[in-house]
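Student: Got a file for you: upload.tsv, TSV, C-alpha atoms and all ligand atoms.
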chain	number	residue	atom	x	y	z
A	1	MET	CA	-3.07	7.06	17.93
A	2	ALA	CA	-5.59	8.82	15.78
A	3	ILE	CA	-7.76	8.00	12.81
A	4	ARG	CA	-6.80	10.17	9.85
A	5	ASN	CA	-8.98	11.20	6.92
A	6	ILE	CA	-8.61	9.00	3.86
A	7	VAL	CA	-7.95	10.96	0.67
A	8	LYS	CA	-10.50	10.20	-2.05
A	9	ILE	CA	-10.11	10.02	-5.82
A	10	GLY	CA	-10.19	13.45	-7.40
A	11	ASP	CA	-7.56	14.74	-5.00
A	12	PRO	CA	-4.44	15.39	-7.10
A	13	ILE	CA	-2.15	14.10	-4.34
A	14	LEU	CA	-3.06	10.52	-5.30
A	15	ALA	CA	-1.22	10.99	-8.62
A	16	LYS	CA	2.00	12.20	-6.98
A	17	THR	CA	5.15	10.20	-6.32
A	18	SER	CA	6.00	9.68	-2.65
A	19	ARG	CA	9.46	10.45	-1.31
A	20	LYS	CA	11.82	8.02	0.38
A	21	VAL	CA	11.85	7.92	4.18
A	22	GLU	CA	15.22	8.99	5.55
A	23	LYS	CA	14.47	9.48	9.23
A	24	PHE	CA	13.18	6.62	11.39
A	25	ASP	CA	12.01	8.82	14.22
A	26	SER	CA	8.97	9.34	16.42
A	27	ARG	CA	7.24	11.30	13.67
A	28	LEU	CA	7.37	8.22	11.42
A	29	TRP	CA	6.16	5.98	14.27
A	30	THR	CA	3.17	8.26	14.92
A	31	LEU	CA	2.34	8.15	11.21
A	32	LEU	CA	2.55	4.34	11.22
A	33	ASP	CA	0.39	4.03	14.35
A	34	ASP	CA	-2.21	6.37	12.86
A	35	MET	CA	-2.18	4.54	9.52
A	36	LYS	CA	-2.68	1.21	11.30
A	37	GLU	CA	-5.66	2.53	13.22
A	38	THR	CA	-7.10	4.22	10.11
A	39	MET	CA	-6.77	1.01	8.03
A	40	TYR	CA	-8.50	-1.15	10.64
A	41	ALA	CA	-11.24	1.44	11.23
A	42	ALA	CA	-11.96	1.42	7.49
A	43	ASN	CA	-11.82	-2.41	7.27
A	44	GLY	CA	-9.01	-2.17	4.74
A	45	VAL	CA	-6.25	-4.70	4.07
A	46	GLY	CA	-3.68	-2.07	3.17
A	47	LEU	CA	-3.03	1.65	3.28
A	48	ALA	CA	-0.33	3.86	1.78
A	49	ALA	CA	0.76	7.13	3.43
A	50	VAL	CA	-0.37	9.16	0.42
A	51	GLN	CA	-3.91	8.02	1.23
A	52	VAL	CA	-3.71	10.04	4.44
A	53	GLY	CA	-2.09	12.94	2.61
A	54	ILE	CA	1.56	12.20	3.40
A	55	LEU	CA	3.91	11.80	0.42
A	56	ARG	CA	6.28	9.31	2.01
A	57	ARG	CA	7.07	5.75	0.97
A	58	VAL	CA	5.21	4.13	3.86
A	59	VAL	CA	2.68	1.27	3.66
A	60	VAL	CA	0.76	-0.76	6.26
A	61	ILE	CA	-0.82	-4.11	5.37
A	62	ASP	CA	-2.89	-6.79	7.08
A	63	CYS	CA	-4.30	-9.42	4.75
A	64	GLY	CA	-5.55	-11.49	7.67
A	65	ASP	CA	-2.23	-13.18	8.42
A	66	GLY	CA	-0.64	-10.45	10.51
A	67	TYR	CA	0.08	-6.76	10.48
A	68	ILE	CA	3.19	-5.51	8.67
A	69	GLU	CA	4.80	-2.14	8.06
A	70	LEU	CA	6.74	-1.46	4.86
A	71	ILE	CA	9.03	1.56	4.66
A	72	ASN	CA	10.66	2.31	1.28
A	73	PRO	CA	9.30	-0.96	-0.18
A	74	GLU	CA	10.57	-2.32	-3.48
A	75	ILE	CA	9.37	-5.31	-5.45
A	76	VAL	CA	12.44	-7.48	-6.00
A	77	LYS	CA	10.77	-10.50	-7.63
A	78	LYS	CA	7.51	-11.22	-9.45
A	79	GLU	CA	6.28	-14.60	-10.67
A	80	GLY	CA	3.26	-15.77	-12.63
A	81	GLU	CA	0.02	-13.89	-12.88
A	82	GLN	CA	-3.41	-13.76	-11.28
A	83	PHE	CA	-6.67	-12.11	-12.17
A	84	ALA	CA	-8.85	-10.96	-9.29
A	85	GLU	CA	-11.18	-8.24	-8.13
A	86	GLU	CA	-9.63	-5.26	-6.46
A	87	GLY	CA	-10.92	-2.22	-4.61
A	88	CYS	CA	-9.43	0.75	-2.78
A	89	LEU	CA	-10.30	2.83	0.30
A	90	SER	CA	-9.68	5.96	-1.80
A	91	LEU	CA	-12.16	4.82	-4.47
A	92	PRO	CA	-15.26	3.82	-2.52
A	93	GLY	CA	-17.63	1.57	-4.43
A	94	GLU	CA	-15.22	0.92	-7.31
A	95	VAL	CA	-14.33	-2.69	-8.06
A	96	GLY	CA	-12.44	-4.04	-11.03
A	97	THR	CA	-10.43	-7.03	-12.16
A	98	THR	CA	-6.70	-6.51	-12.43
A	99	CYS	CA	-3.83	-8.66	-13.61
A	100	ARG	CA	-1.14	-8.90	-10.94
A	101	PRO	CA	1.80	-11.25	-10.36
A	102	ALA	CA	0.85	-14.51	-8.57
A	103	THR	CA	3.82	-14.23	-6.22
A	104	VAL	CA	5.63	-11.09	-5.20
A	105	ARG	CA	8.75	-10.65	-3.11
A	106	VAL	CA	9.17	-7.29	-1.44
A	107	GLN	CA	12.17	-5.78	0.28
A	108	ALA	CA	11.39	-3.03	2.77
A	109	GLN	CA	12.61	-1.37	5.94
A	110	ASP	CA	10.82	-1.70	9.26
A	111	ARG	CA	10.08	1.22	11.62
A	112	ASN	CA	13.66	1.11	12.89
A	113	GLY	CA	15.23	1.12	9.44
A	114	LYS	CA	16.11	-2.58	9.35
A	115	TRP	CA	15.72	-4.23	5.92
A	116	CYS	CA	13.37	-7.23	5.74
A	117	VAL	CA	12.06	-9.43	2.93
A	118	TYR	CA	8.41	-10.49	2.58
A	119	THR	CA	6.81	-12.90	0.14
A	120	GLY	CA	3.13	-12.70	-0.75
A	121	GLU	CA	0.77	-14.83	-2.79
A	122	GLU	CA	-2.85	-14.31	-3.85
A	123	LEU	CA	-4.41	-11.41	-1.87
A	124	LYS	CA	-1.11	-10.45	-0.26
A	125	ALA	CA	0.70	-10.28	-3.62
A	126	ARG	CA	-2.10	-8.07	-4.98
A	127	CYS	CA	-1.94	-5.92	-1.88
A	128	PHE	CA	1.84	-5.42	-2.11
A	129	CYS	CA	1.49	-4.32	-5.76
A	130	HIS	CA	-1.55	-2.12	-5.10
A	131	GLU	CA	0.05	-0.25	-2.19
A	132	ILE	CA	3.44	0.18	-3.87
A	133	ASP	CA	1.60	1.54	-6.93
A	134	HIS	CA	0.11	4.23	-4.65
A	135	LEU	CA	3.66	5.35	-3.77
A	136	ASP	CA	4.23	5.95	-7.48
A	137	GLY	CA	0.96	7.82	-7.98
A	138	ILE	CA	-0.88	4.91	-9.58
A	139	VAL	CA	-4.41	3.83	-8.56
A	140	PHE	CA	-5.74	0.36	-9.33
A	141	THR	CA	-8.28	1.57	-11.91
A	142	GLN	CA	-5.27	2.27	-14.17
A	143	ARG	CA	-4.54	-1.49	-14.00
A	144	VAL	CA	-8.10	-2.71	-14.47
A	145	ILE	CA	-8.64	-5.04	-17.39
A	146	LYS	CA	-12.35	-5.63	-16.74
A	147	LYS	CA	-14.68	-3.28	-14.91
A	148	GLU	CA	-17.23	-5.16	-12.82
A	149	ASN	CA	-19.70	-2.35	-12.36
A	150	ALA	CA	-19.52	-0.91	-15.86
A	151	GLN	CA	-22.85	0.47	-17.02
B	1	ZN	ZN	-5.64	1.73	-2.72
Starting from the file, lay out its structure as structure tokens.

Tutor:
Amino acid sequence: MAIRNIVKIGDPILAKTSRKVEKFDSRLWTLLDDMKETMYAANGVGLAAVQVGILRRVVVIDCGDGYIELINPEIVKKEGEQFAEEGCLSLPGEVGTTCRPATVRVQAQDRNGKWCVYTGEELKARCFCHEIDHLDGIVFTQRVIKKENAQ
């Protein structure tokens, strides 16, 4: 495993749409292992592959209740809404309040290609939305309704 460099805002790759994963091979597993190590080293709760410069629909998440890997994730259900502060490893120092669904159900493949369903509330729901946004070239500041550190 290796810690990879986290892409910072200003890099045009963050605005690009990531491609679907077709091959569940050792190259994907190395990417996942590296992303896991990179996320923990940066004290993050989630990381999308584009944040390490790879335009593939791959996300790793650990909101404190266990590590999960999401390949080709899709939001299949959203309920309610929540307003909370959000930040991003690619936007150091930036914090803002976003409106996200209160509960989110995500369908995704695991590292072997098997489809699984995950449900998240509170932080985990925000994290699912935030990371899946990255796969579509969206950063959280585009969702901010109130900037905390506005001058
Ligand atoms: Zn982010």

Student: Tell me which of A:Leu14, A:Ile68, A:Ala102, A:Ile145 sits closest to ligand ZN 1 (chain B), counting only C-alpha atoms and all ligand atoms.

Tutor: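 Of A:Leu14, A:Ile68, A:Ala102, A:Ile145, the one nearest ligand ZN 1 (chain B) is A:Leu14, counting only C-alpha atoms and all ligand atoms.
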
Student: Enumerate as an MDAnalysis selection string the residues within 7 Å of ligand ZN 1 (chain B), counting only C-alpha atoms and all ligand atoms.

Tutor: chainID A and resid 47 87:90 130:131 134 139:140

Student: May I ask for the distance between CA of Cys63 in chain A and CA of Gly44 in chain A, given in Å to one decimal place?

Tutor: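 Going from CA of Cys63 in chain A over to CA of Gly44 in chain A covers 8.6 Å.
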
Student: My list of candidates is A:Ile75, A:Cys127, A:Leu91, A:Met35. Which is closest to Val58 in chain A when distances are computed with all atoms listed in the file?

Tutor: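 Smallest separation from Val58 in chain A among the options: A:Met35.
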
Student: Using only C-alpha atoms, pick whichever of A:Ile61, A:Leu55, A:Val95, A:Ile9 has the shortest atom-to-atom distance to Cys129 in chain A.

Tutor: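 Residue with the minimum atom-to-atom distance to Cys129 in chain A: A:Ile61.
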
Student: Find the distance between CA of Cys99 in chain A and CA of Phe83 in chain A and write it in Å to one decimal.

Tutor: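 Between CA of Cys99 in chain A and CA of Phe83 in chain A the gap works out to 4.7 Å.
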